[in-house]
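As provided, target.cif (mmCIF, C-alpha atoms and all ligand atoms) reads as follows.
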```cif
data_run
loop_
_atom_site.label_atom_id
_atom_site.label_comp_id
_atom_site.auth_asym_id
_atom_site.auth_seq_id
_atom_site.Cartn_x
_atom_site.Cartn_y
_atom_site.Cartn_z
CA MET A 1 -9.41 22.40 -44.98
CA SER A 2 -5.99 21.10 -44.30
CA SER A 3 -3.11 23.34 -43.47
CA LEU A 4 0.18 22.74 -41.72
CA ASN A 5 -1.37 24.15 -38.53
CA ASP A 6 -4.31 21.75 -38.62
CA TYR A 7 -2.08 18.81 -39.37
CA ILE A 8 0.35 19.44 -36.48
CA LYS A 9 -2.54 20.02 -34.12
CA PHE A 10 -4.02 16.72 -35.24
CA VAL A 11 -0.76 14.87 -34.68
CA LEU A 12 -0.04 16.44 -31.30
CA ASP A 13 -3.67 16.33 -30.14
CA ILE A 14 -3.82 20.03 -29.33
CA GLU A 15 -7.17 21.77 -29.61
CA ASP A 16 -6.46 25.29 -28.39
CA ASN A 17 -7.65 27.70 -31.14
CA ASN A 18 -5.26 30.40 -29.97
CA ILE A 19 -2.21 28.31 -30.82
CA ILE A 20 -1.07 28.58 -34.42
CA PHE A 21 1.73 26.29 -35.62
CA LYS A 22 4.09 27.76 -38.17
CA ASP A 23 7.11 25.51 -38.57
CA TYR A 24 8.78 22.26 -37.56
CA PHE A 25 12.38 21.02 -37.69
CA TYR A 26 15.02 18.87 -36.00
CA LYS A 27 17.43 20.58 -33.68
CA ILE A 28 20.83 18.98 -33.11
CA PRO A 29 22.61 20.61 -30.18
CA GLU A 30 26.40 20.48 -29.89
CA ALA A 31 26.10 18.37 -26.78
CA GLY A 32 23.24 15.98 -26.27
CA SER A 33 20.87 14.21 -28.61
CA LYS A 34 18.69 15.72 -31.33
CA TYR A 35 15.14 16.72 -30.66
CA LYS A 36 12.05 17.78 -32.59
CA VAL A 37 10.89 21.37 -32.47
CA TYR A 38 7.43 22.63 -33.39
CA GLU A 39 7.18 26.40 -33.58
CA ALA A 40 3.91 28.08 -32.71
CA GLU A 41 2.45 31.39 -31.75
CA LEU A 42 0.03 31.74 -28.88
CA ILE A 43 -2.24 34.68 -29.66
CA GLN A 44 -4.23 36.86 -27.33
CA PRO A 45 -7.42 37.80 -29.20
CA ALA A 46 -8.97 39.97 -26.48
CA CYS A 47 -8.09 41.69 -23.22
CA PRO A 48 -8.60 39.23 -20.32
CA PHE A 49 -9.59 42.07 -17.96
CA CYS A 50 -12.30 43.94 -19.87
CA GLY A 51 -12.83 41.75 -22.95
CA SER A 52 -12.00 44.53 -25.35
CA VAL A 53 -10.54 43.57 -28.72
CA ASP A 54 -8.90 46.94 -29.18
CA ILE A 55 -5.38 45.90 -28.21
CA ILE A 56 -1.79 46.84 -29.09
CA HIS A 57 0.66 44.00 -29.76
CA ASN A 58 3.82 44.35 -27.78
CA GLY A 59 6.14 41.53 -28.80
CA HIS A 60 6.37 37.90 -27.70
CA LEU A 61 7.79 35.80 -24.89
CA LYS A 62 9.64 32.77 -26.25
CA THR A 63 9.18 29.59 -24.19
CA ASN A 64 10.31 26.03 -24.80
CA ILE A 65 7.70 23.57 -23.64
CA ARG A 66 8.41 19.89 -23.19
CA TYR A 67 5.70 17.80 -24.73
CA ILE A 68 4.90 14.07 -24.76
CA THR A 69 6.48 11.88 -27.41
CA ALA A 70 5.99 8.36 -28.67
CA ASN A 71 9.70 7.92 -29.20
CA ALA A 72 11.59 8.75 -26.01
CA SER A 73 14.93 8.94 -27.84
CA THR A 74 13.84 12.10 -29.69
CA PRO A 75 12.19 14.51 -27.27
CA VAL A 76 9.54 16.90 -28.55
CA VAL A 77 9.69 20.58 -27.76
CA ILE A 78 7.02 23.12 -28.63
CA ARG A 79 8.62 26.53 -29.07
CA LEU A 80 5.75 28.75 -28.10
CA PHE A 81 5.82 32.49 -28.72
CA LYS A 82 3.36 33.98 -26.26
CA GLN A 83 1.88 37.30 -27.38
CA ARG A 84 2.21 40.28 -25.06
CA VAL A 85 -0.53 42.88 -25.45
CA LYS A 86 -1.65 46.17 -24.00
CA CYS A 87 -5.33 47.08 -23.90
CA ARG A 88 -6.33 50.46 -25.31
CA ASP A 89 -9.49 50.62 -23.19
CA CYS A 90 -8.24 49.78 -19.70
CA SER A 91 -4.51 50.16 -20.49
CA LYS A 92 -3.64 46.96 -18.63
CA ARG A 93 -0.89 44.70 -19.95
CA SER A 94 -1.35 40.96 -20.31
CA MET A 95 0.27 37.90 -21.86
CA ALA A 96 -1.46 35.06 -23.70
CA GLN A 97 -2.00 31.90 -21.67
CA SER A 98 -3.10 28.45 -22.71
CA SER A 99 -4.27 25.25 -21.10
CA LEU A 100 -1.34 23.57 -22.85
CA VAL A 101 1.03 24.84 -20.20
CA ASN A 102 0.86 26.73 -16.91
CA LYS A 103 2.20 30.19 -16.37
CA TYR A 104 5.93 30.16 -15.50
CA CYS A 105 6.11 26.46 -16.37
CA SER A 106 7.92 24.69 -19.17
CA ILE A 107 6.43 21.23 -18.90
CA SER A 108 3.12 20.74 -20.66
CA ASN A 109 0.09 19.65 -18.68
CA THR A 110 -0.29 16.68 -21.00
CA SER A 111 3.13 15.45 -19.88
CA LYS A 112 2.17 15.94 -16.25
CA LEU A 113 -1.00 13.91 -16.67
CA LYS A 114 0.96 11.15 -18.33
CA ILE A 115 3.48 11.16 -15.49
CA LEU A 116 0.61 10.99 -13.03
CA SER A 117 -0.86 7.97 -14.73
CA ALA A 118 2.58 6.33 -14.82
CA LEU A 119 2.84 6.91 -11.07
CA THR A 120 -0.19 4.71 -10.50
CA GLU A 121 1.80 1.76 -11.84
CA ASP A 122 4.49 -0.19 -10.09
CA ARG A 123 7.45 1.69 -11.60
CA SER A 124 10.39 3.62 -10.26
CA MET A 125 10.41 7.40 -10.59
CA THR A 126 13.72 7.25 -12.48
CA SER A 127 12.18 5.11 -15.19
CA ILE A 128 9.16 7.42 -15.47
CA ALA A 129 11.43 10.46 -15.72
CA ARG A 130 13.49 8.83 -18.47
CA GLU A 131 10.45 7.96 -20.55
CA HIS A 132 9.01 11.47 -20.36
CA ASN A 133 12.30 13.34 -20.86
CA THR A 134 12.00 15.11 -17.55
CA SER A 135 14.05 15.12 -14.39
CA VAL A 136 13.22 12.97 -11.39
CA ASN A 137 12.46 16.21 -9.55
CA THR A 138 9.61 16.93 -11.97
CA VAL A 139 8.14 13.49 -11.32
CA GLN A 140 8.43 14.12 -7.59
CA ARG A 141 6.70 17.48 -8.00
CA VAL A 142 3.81 15.85 -9.85
CA LEU A 143 3.62 13.29 -7.05
CA ALA A 144 3.66 16.04 -4.44
CA SER A 145 0.79 17.82 -6.19
CA CYS A 146 -1.47 14.91 -5.30
CA SER A 147 -3.03 14.59 -1.93
CA HIS A 148 -1.66 12.01 0.46
CA ARG A 149 -4.85 12.01 2.47
CA PHE A 150 -6.91 8.85 2.31
CA ILE A 151 -10.09 10.33 3.77
CA ASP A 152 -11.16 13.92 4.06
CA GLY A 153 -12.88 15.27 7.11
CA TYR A 154 -13.34 13.92 10.59
CA ASP A 155 -17.06 13.29 10.73
CA TYR A 156 -17.28 9.73 9.46
CA LEU A 157 -15.67 6.39 10.33
CA PRO A 158 -16.75 2.97 9.01
CA GLU A 159 -18.31 0.36 11.30
CA HIS A 160 -15.45 -2.11 11.09
CA LEU A 161 -11.81 -1.16 11.43
CA ALA A 162 -8.59 -3.15 11.27
CA PHE A 163 -5.36 -1.98 12.95
CA ASP A 164 -1.86 -3.10 12.06
CA GLU A 165 1.64 -1.79 11.43
CA PHE A 166 4.18 -2.11 8.63
CA LYS A 167 7.84 -1.33 8.16
CA GLY A 168 8.46 1.69 5.94
CA VAL A 169 10.71 4.73 5.84
CA ASP A 170 14.01 4.17 7.71
CA ARG A 171 12.80 0.74 8.80
CA LYS A 172 10.42 2.36 11.25
CA LEU A 173 7.03 0.90 11.98
CA HIS A 174 4.08 2.87 10.67
CA PHE A 175 0.53 2.49 11.89
CA ILE A 176 -2.11 1.53 9.33
CA CYS A 177 -5.86 1.43 9.70
CA LEU A 178 -8.11 -0.23 7.11
CA ASN A 179 -11.84 -0.45 6.60
CA GLY A 180 -12.55 -4.05 7.67
CA GLU A 181 -15.21 -4.61 5.01
CA THR A 182 -14.12 -2.77 1.86
CA HIS A 183 -10.39 -3.02 2.70
CA GLU A 184 -9.84 0.61 1.82
CA VAL A 185 -7.16 2.51 3.68
CA ILE A 186 -8.51 4.84 6.33
CA GLN A 187 -5.18 6.21 7.45
CA ILE A 188 -1.48 5.56 7.65
CA LEU A 189 0.37 7.35 10.43
CA ARG A 190 4.08 8.02 10.64
CA ASN A 191 4.49 6.15 13.92
CA ARG A 192 2.39 4.04 16.23
CA PHE A 193 2.97 5.80 19.52
CA LYS A 194 -0.03 5.74 21.82
CA LYS A 195 -0.29 9.50 22.22
CA ASN A 196 -0.23 10.08 18.43
CA LEU A 197 -2.96 7.51 17.85
CA LEU A 198 -5.08 9.02 20.61
CA LYS A 199 -4.54 12.47 19.15
CA TYR A 200 -5.47 11.32 15.64
CA PHE A 201 -8.65 9.47 16.57
CA GLY A 202 -9.55 12.21 19.04
CA ARG A 203 -10.02 14.57 16.09
CA PHE A 204 -13.03 12.62 14.86
CA THR A 205 -16.45 13.70 16.07
CA LEU A 206 -18.12 11.64 18.79
CA LYS A 207 -20.77 10.56 16.29
CA ALA A 208 -18.13 9.18 13.93
CA ARG A 209 -16.37 7.35 16.75
CA ALA A 210 -19.64 5.94 18.08
CA ASN A 211 -20.30 4.48 14.64
CA VAL A 212 -17.36 2.03 14.99
CA LYS A 213 -18.67 -1.40 15.98
CA THR A 214 -15.59 -3.63 15.80
CA VAL A 215 -11.82 -3.16 15.71
CA THR A 216 -9.64 -6.09 14.63
CA MET A 217 -6.04 -6.13 15.88
CA ASP A 218 -3.23 -8.32 17.08
CA LEU A 219 -2.47 -8.73 20.77
CA ASN A 220 -0.95 -5.32 21.24
CA PHE A 221 -1.98 -3.95 24.59
CA TYR A 222 -2.09 -0.26 23.91
CA TYR A 223 -4.21 -0.68 20.77
CA GLN A 224 -6.90 -1.99 23.12
CA ASP A 225 -6.51 1.07 25.36
CA ILE A 226 -6.99 3.27 22.31
CA VAL A 227 -10.19 1.48 21.34
CA ARG A 228 -11.54 1.81 24.88
CA ALA A 229 -10.64 5.50 24.99
CA CYS A 230 -11.87 6.49 21.52
CA PHE A 231 -14.66 4.18 20.38
CA PRO A 232 -17.46 3.88 22.96
CA ASN A 233 -19.45 1.20 21.09
CA ALA A 234 -16.63 -0.89 19.64
CA GLN A 235 -15.85 -4.51 20.38
CA ILE A 236 -12.22 -5.60 20.28
CA ILE A 237 -11.48 -8.58 18.05
CA ILE A 238 -8.16 -10.38 18.21
CA ASP A 239 -7.19 -11.38 14.71
CA ARG A 240 -7.63 -15.12 14.24
CA PHE A 241 -4.53 -15.46 12.07
CA HIS A 242 -2.51 -13.83 14.79
CA MET A 243 -3.82 -16.27 17.40
CA VAL A 244 -3.04 -19.25 15.20
CA GLN A 245 0.40 -17.83 14.51
CA MET A 246 1.16 -17.51 18.23
CA LEU A 247 0.08 -21.09 18.91
CA THR A 248 1.87 -22.65 15.95
CA ARG A 249 5.02 -20.77 16.87
CA SER A 250 4.92 -22.19 20.39
CA LEU A 251 4.26 -25.72 19.11
CA ASN A 252 7.18 -25.35 16.73
CA SER A 253 9.62 -24.36 19.47
CA LEU A 254 8.45 -27.30 21.56
CA ARG A 255 9.01 -29.64 18.62
CA VAL A 256 12.56 -28.36 18.20
CA ALA A 257 13.25 -28.73 21.93
CA THR A 258 11.93 -32.32 21.88
CA MET A 259 13.94 -33.11 18.77
CA LYS A 260 17.16 -32.01 20.40
CA LYS A 261 16.71 -34.57 23.18
CA PHE A 262 17.41 -37.28 20.61
CA ASP A 263 20.73 -37.95 18.93
CA LYS A 264 21.21 -36.94 15.32
CA GLY A 265 20.57 -39.82 12.97
CA THR A 266 18.01 -41.55 15.20
CA ARG A 267 14.60 -42.28 13.76
CA GLU A 268 12.87 -39.93 16.25
CA TYR A 269 15.21 -37.06 15.38
CA SER A 270 14.55 -37.43 11.63
CA LEU A 271 10.80 -37.78 12.11
CA LEU A 272 10.71 -34.54 14.08
CA LYS A 273 13.11 -32.64 11.86
CA SER A 274 12.59 -32.78 8.10
CA PRO A 275 8.77 -33.05 7.90
CA TRP A 276 8.30 -30.08 10.28
CA LYS A 277 5.59 -28.52 8.14
CA LEU A 278 3.26 -31.47 8.68
CA TYR A 279 3.01 -30.74 12.41
CA LEU A 280 1.52 -27.32 11.70
CA LYS A 281 -1.06 -28.54 9.19
CA LYS A 282 -4.63 -29.36 10.06
CA PHE A 283 -4.91 -33.07 10.83
CA ASP A 284 -7.73 -33.49 8.28
CA ASP A 285 -5.46 -32.19 5.52
CA LEU A 286 -2.79 -34.84 6.06
CA GLU A 287 -2.34 -37.65 3.54
CA LYS A 288 -3.63 -40.81 5.19
CA ILE A 289 -3.71 -43.47 2.45
CA HIS A 290 -0.64 -43.38 0.21
CA PRO A 291 2.72 -43.90 1.95
CA ARG A 292 5.88 -42.41 0.46
CA TYR A 293 9.45 -43.48 0.94
CA ASN A 294 11.70 -40.98 2.64
CA TRP A 295 15.46 -41.48 2.79
CA HIS A 296 15.78 -39.42 6.01
CA TYR A 297 14.16 -42.10 8.13
CA LYS A 298 14.47 -44.89 5.51
CA ASP A 299 10.86 -46.00 5.64
CA SER A 300 7.59 -45.65 3.70
CA LEU A 301 5.06 -43.74 5.78
CA THR A 302 1.92 -41.70 5.15
CA GLN A 303 1.87 -38.15 6.45
CA GLU A 304 -0.52 -39.22 9.20
CA GLN A 305 1.85 -41.98 10.35
CA ILE A 306 4.78 -39.54 10.47
CA VAL A 307 2.91 -37.07 12.66
CA MET A 308 1.44 -39.71 14.98
CA GLU A 309 4.80 -41.36 15.51
CA GLY A 310 6.54 -37.99 15.89
CA ILE A 311 4.27 -36.61 18.59
CA GLY A 312 4.29 -40.04 20.27
CA CYS A 313 7.89 -39.35 21.30
CA ASN A 314 6.83 -37.00 24.06
CA ASP A 315 3.63 -36.56 26.09
CA VAL A 316 3.86 -32.81 26.33
CA LEU A 317 4.31 -32.55 22.57
CA ASP A 318 1.34 -34.86 22.10
CA ASN A 319 -0.84 -32.65 24.36
CA SER A 320 0.27 -29.45 22.65
CA TYR A 321 -0.37 -30.88 19.20
CA ASN A 322 -3.90 -31.96 20.13
CA LEU A 323 -4.60 -28.60 21.71
CA LEU A 324 -3.60 -26.79 18.52
CA GLN A 325 -5.78 -29.13 16.43
CA ASP A 326 -8.76 -28.55 18.75
CA PHE A 327 -8.13 -24.84 18.47
CA PHE A 328 -8.23 -25.06 14.63
CA THR A 329 -11.55 -26.93 14.78
CA ALA A 330 -13.13 -24.53 17.26
CA LEU A 331 -12.03 -21.59 15.14
CA ASP A 332 -13.46 -23.13 11.97
CA LYS A 333 -16.80 -23.84 13.61
CA HIS A 334 -16.95 -20.46 15.40
CA ASP A 335 -17.41 -22.54 18.55
CA THR A 336 -16.72 -20.17 21.47
CA LYS A 337 -17.68 -22.73 24.13
CA SER A 338 -15.02 -25.28 23.24
CA MET A 339 -12.64 -22.42 22.51
CA LYS A 340 -13.00 -21.33 26.12
CA GLU A 341 -12.41 -24.91 27.31
CA ILE A 342 -9.23 -25.12 25.25
CA ILE A 343 -7.93 -21.85 26.64
CA TYR A 344 -8.59 -23.01 30.23
CA SER A 345 -7.19 -26.49 29.49
CA LYS A 346 -5.36 -28.16 32.41
CA GLU A 347 -3.26 -30.42 30.14
CA ARG A 348 0.52 -30.18 30.38
CA VAL A 349 1.71 -28.19 27.40
CA GLY A 350 5.01 -26.54 26.52
CA ALA A 351 6.13 -23.46 28.47
CA LEU A 352 5.68 -21.10 25.53
CA MET A 353 2.22 -22.41 24.71
CA HIS A 354 1.27 -22.08 28.37
CA LYS A 355 2.32 -18.45 28.22
CA THR A 356 0.29 -17.92 25.04
CA LEU A 357 -2.77 -19.44 26.67
CA LEU A 358 -2.32 -17.14 29.67
CA THR A 359 -2.29 -14.17 27.31
CA PHE A 360 -5.49 -15.47 25.71
CA ARG A 361 -7.11 -15.83 29.17
CA HIS A 362 -6.13 -12.29 29.96
CA ASN A 363 -7.92 -11.05 26.80
CA LEU A 364 -10.64 -13.68 26.80
CA LYS A 365 -13.50 -11.57 25.49
CA ALA A 366 -11.52 -10.22 22.55
CA VAL A 367 -10.14 -13.67 21.73
CA LEU A 368 -13.62 -15.22 21.75
CA ASN A 369 -14.82 -12.38 19.51
CA GLY A 370 -12.11 -13.44 17.09
CA ALA A 371 -13.62 -16.92 17.02
CA SER A 372 -17.28 -15.93 16.81
CA LEU A 373 -17.09 -13.01 14.38
CA SER A 374 -15.71 -13.37 10.90
CA TYR A 375 -13.63 -10.17 10.77
CA SER A 376 -9.89 -10.68 10.45
CA ASN A 377 -6.77 -8.83 9.46
CA GLY A 378 -6.27 -11.02 6.42
CA CYS A 379 -6.85 -7.98 4.21
CA LEU A 380 -3.92 -6.23 5.86
CA GLU A 381 -1.55 -9.04 4.97
CA GLY A 382 -2.24 -8.51 1.28
CA PHE A 383 -1.93 -4.79 1.68
CA ASN A 384 1.40 -5.03 3.46
CA ARG A 385 2.73 -7.13 0.63
CA LYS A 386 1.69 -4.43 -1.84
CA ILE A 387 3.46 -1.74 0.20
CA LYS A 388 6.61 -3.84 0.31
CA GLN A 389 6.49 -4.11 -3.49
CA ILE A 390 6.14 -0.33 -3.85
CA GLU A 391 9.14 0.23 -1.59
CA ARG A 392 11.21 -2.42 -3.34
CA THR A 393 10.58 -0.85 -6.76
CA ALA A 394 11.76 2.52 -5.48
CA TYR A 395 14.69 1.05 -3.51
CA GLY A 396 13.08 2.56 -0.41
CA TYR A 397 11.51 5.92 0.29
CA SER A 398 13.12 8.53 2.47
CA ASN A 399 10.11 10.82 2.44
CA PHE A 400 7.12 9.50 4.32
CA ILE A 401 4.60 11.76 2.53
CA ASN A 402 5.84 10.62 -0.89
CA LEU A 403 5.45 7.01 0.18
CA LEU A 404 1.88 7.71 1.30
CA THR A 405 0.96 9.47 -1.93
CA ARG A 406 2.42 6.68 -4.00
CA ILE A 407 0.52 4.04 -2.01
CA ARG A 408 -2.65 6.03 -2.56
CA LEU A 409 -2.03 6.45 -6.29
CA GLU A 410 -1.32 2.77 -6.75
CA GLU A 411 -4.53 2.07 -4.86
CA ASN A 412 -6.05 3.74 -7.94
CA LYS A 413 -7.77 6.48 -6.10
CA ILE A 414 -6.52 9.50 -7.99
CA LYS A 415 -7.87 12.43 -6.10
CA GLU A 416 -6.07 15.69 -6.47
CA LYS A 417 -5.91 18.26 -3.71
CA GLY A 418 -8.09 20.44 -5.90
CA SER A 419 -8.75 19.78 -9.55
CA SER A 420 -6.78 22.85 -10.57
CA ASN A 421 -3.85 22.01 -8.35
CA LEU A 422 -2.00 19.92 -10.88
CA LEU A 423 -2.20 22.76 -13.35
CA ILE A 424 -0.51 25.12 -10.91
CA ALA A 425 2.30 22.76 -9.93
ZN ZN B 1 -8.84 45.80 -21.20
#
```

Written as structure tokens, how would this file's structure read?
Ligand SMILES: [Zn+2]
Amino acid sequence: MSSLNDYIKFVLDIEDNNIIFKDYFYKIPEAGSKYKVYEAELIQPACPFCGSVDIIHNGHLKTNIRYITANASTPVVIRLFKQRVKCRDCSKRSMAQSSLVNKYCSISNTSKLKILSALTEDRSMTSIAREHNTSVNTVQRVLASCSHRFIDGYDYLPEHLAFDEFKGVDRKLHFICLNGETHEVIQILRNRFKKNLLKYFGRFTLKARANVKTVTMDLNFYYQDIVRACFPNAQIIIDRFHMVQMLTRSLNSLRVATMKKFDKGTREYSLLKSPWKLYLKKFDDLEKIHPRYNWHYKDSLTQEQIVMEGIGCNDVLDNSYNLLQDFFTALDKHDTKSMKEIIYSKERVGALMHKTLLTFRHNLKAVLNGASLSYSNGCLEGFNRKIKQIERTAYGYSNFINLLTRIRLEENKIKEKGSSNLLIA
């Protein structure tokens, strides 16, 4: 059997038996580009209230439904005539409905699903709207029909959490909490004020909060207060990357200060200036055999020779450099004993590094946890980069909820508020 109806249904991938296609043509409006029209009737075979087939036909409602198309330059419209009927048995009136399109809606559900799947990719909403011949508002409505919640319910929390913040809407800092093991997002909050965090985590049951064993964070004092207030069994871990970052930053400022004591153009100045990256590398990673000529200091030196001669310019710099290298080693070996010795070191180091070490002493337990346990906020770094990419593609978000939903969709966790919700939107 092959009729026009069957053929159009085959081409458009429509399976509803109540839709009967009758005609197709191009429509060229006076303004705007031409589009394809498929004409169809949506029949109502029985009364939806009592199931009776004894019905009186009472005209049609003409609707134009936007459908998906392979060629975005010629949009496809299904002109659907929905039957209106009156039941002879229960005398109720009804109109034919189909899963092709929602009541009161002129965009087909197929289009909405396609928009939803496009939203999971790194694309701007304008580009998605253009491809599907809809307005940006429609794309935003489809986005809004998805849940922005990352987890449902307040009776479970994973054992390992990671806290951080990222810059988002209006350049404000948002709080983000990840599962330390699976790297899934637990929650993103609009701001990182202490009272909001306390309020949010306070909603979880005591059992859920007692389940948390470790929380990884940077040296932000009130995050620690939150952990102490909310998670009775949790250990605080200072992120190892953050510790290294604080120390390398202080070594770097000391290097610059030392460099400025020498005149420009001197050998010491050049040795401390251009190869600055080498001072922050692990000593074992430096090139020790093959010298290379450098026109800055007009000599052939290996990387090791550069660093040794550079730090030799100043005792304090020498001490600070060795302290950082010892710190790297202790961190690699998870050696808390030598870590403690380094932190309580009596050597003369730069002022900034001294301050950093004081901070470490103040949070000694959490810092040592960072060395002995392998949890870190490295996962958050990757995640923050992804968020930046999402924001860059959209030229920034002004709506925090939309940003959240988009992050969640691109995380590939399509979970609608309720499965029928998209069909109502
Ligand atoms: Zn009826």

For this session: Residues within 9 Å of ligand ZN 1 (chain B), counting all atoms listed in the file: report them as a PyMOL selection string.
Result: chain A and resi 46-55+86-94

Problem set entry | Given only C-alpha atoms as the counted atoms, nearest of A:His296, A:Lys114, A:Lys22, A:Lys213 to Tyr67 (chain A) | A:Lys114

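Closest to Val76 (chain A) among A:Tyr35, A:Tyr104, A:Phe166, A:Phe400 is A:Tyr35, based on all atoms listed in the file.
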
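Of the listed residues (A:Ser253, A:Ser320, A:Asn377, A:Asn294), A:Asn377 comes nearest to Arg240 (chain A); the distances count all atoms listed in the file.
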
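Restricting the calculation to only C-alpha atoms, the smallest distance between Asp164 (chain A) and any of A:Asn179, A:Thr359, A:Asn322, A:Asn109 is found for A:Asn179.
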
For this session: Kindly indicate which residue among A:Leu271, A:Asp263, A:Met243, A:Met125 lies nearest to Met339 (chain A), using only C-alpha atoms for the distances.
Result: A:Met243

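Of the listed residues A:Lys194, A:Arg123, A:His242, A:Arg84, the one whose atoms come nearest to Val227 (chain A) is A:Lys194, with distances taken using only C-alpha atoms.
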
Distance table requested - region 24-113 of chain A against region 7-18 of chain A, cut-off 8 Å, only C-alpha atoms: one row per qualifying residue with the closest atom pair and its distance in Å to one decimal, ordered by chain and rising residue number, as a tab-separated table.
```
residue	atom	partner	partner_atom	distance
A:Glu41	CA	A:Asn18	CA	8.0
A:Leu42	CA	A:Asn18	CA	5.6
A:Ile43	CA	A:Asn18	CA	5.2
A:Gln44	CA	A:Asn18	CA	7.1
A:Pro45	CA	A:Asn18	CA	7.7
A:Ser98	CA	A:Asp16	CA	7.3
A:Ser99	CA	A:Asp16	CA	7.6
A:Leu100	CA	A:Asp16	CA	7.7
```

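Atom pair CA of Ser338 (chain A) / CA of Leu251 (chain A) has a distance of 19.7 Å (rounded to one decimal).
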
Exercise. Which residues, written as a count of residues only, have at least one atom at most 12 Å from region 300-304 of chain A, with only C-alpha atoms counted and residues fewer than 4 positions away on the same chain left out?
Worked result: 26

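For the pair CA of Val256 (chain A) and CA of Tyr321 (chain A), the interatomic distance is 13.2 Å.
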
Problem set entry | Contacts of Thr356 (chain A) at 9 Å (all atoms listed in the file; same-chain gap of 5+ positions) as number ranges by chain | A: 243, 246-247, 250, 351, 361

Problem set entry | Long-range neighbours of Ala129 (chain A) as a list in words, 10 Å cut-off, all atoms listed in the file, 4 positions minimum in chain |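 My list of contacting residues is Ile115, Ala118, Ser124, Met125, Asn133, Thr134, Ser135, Val136, Asn137, Thr138, Val139 and Gln140 of chain A.
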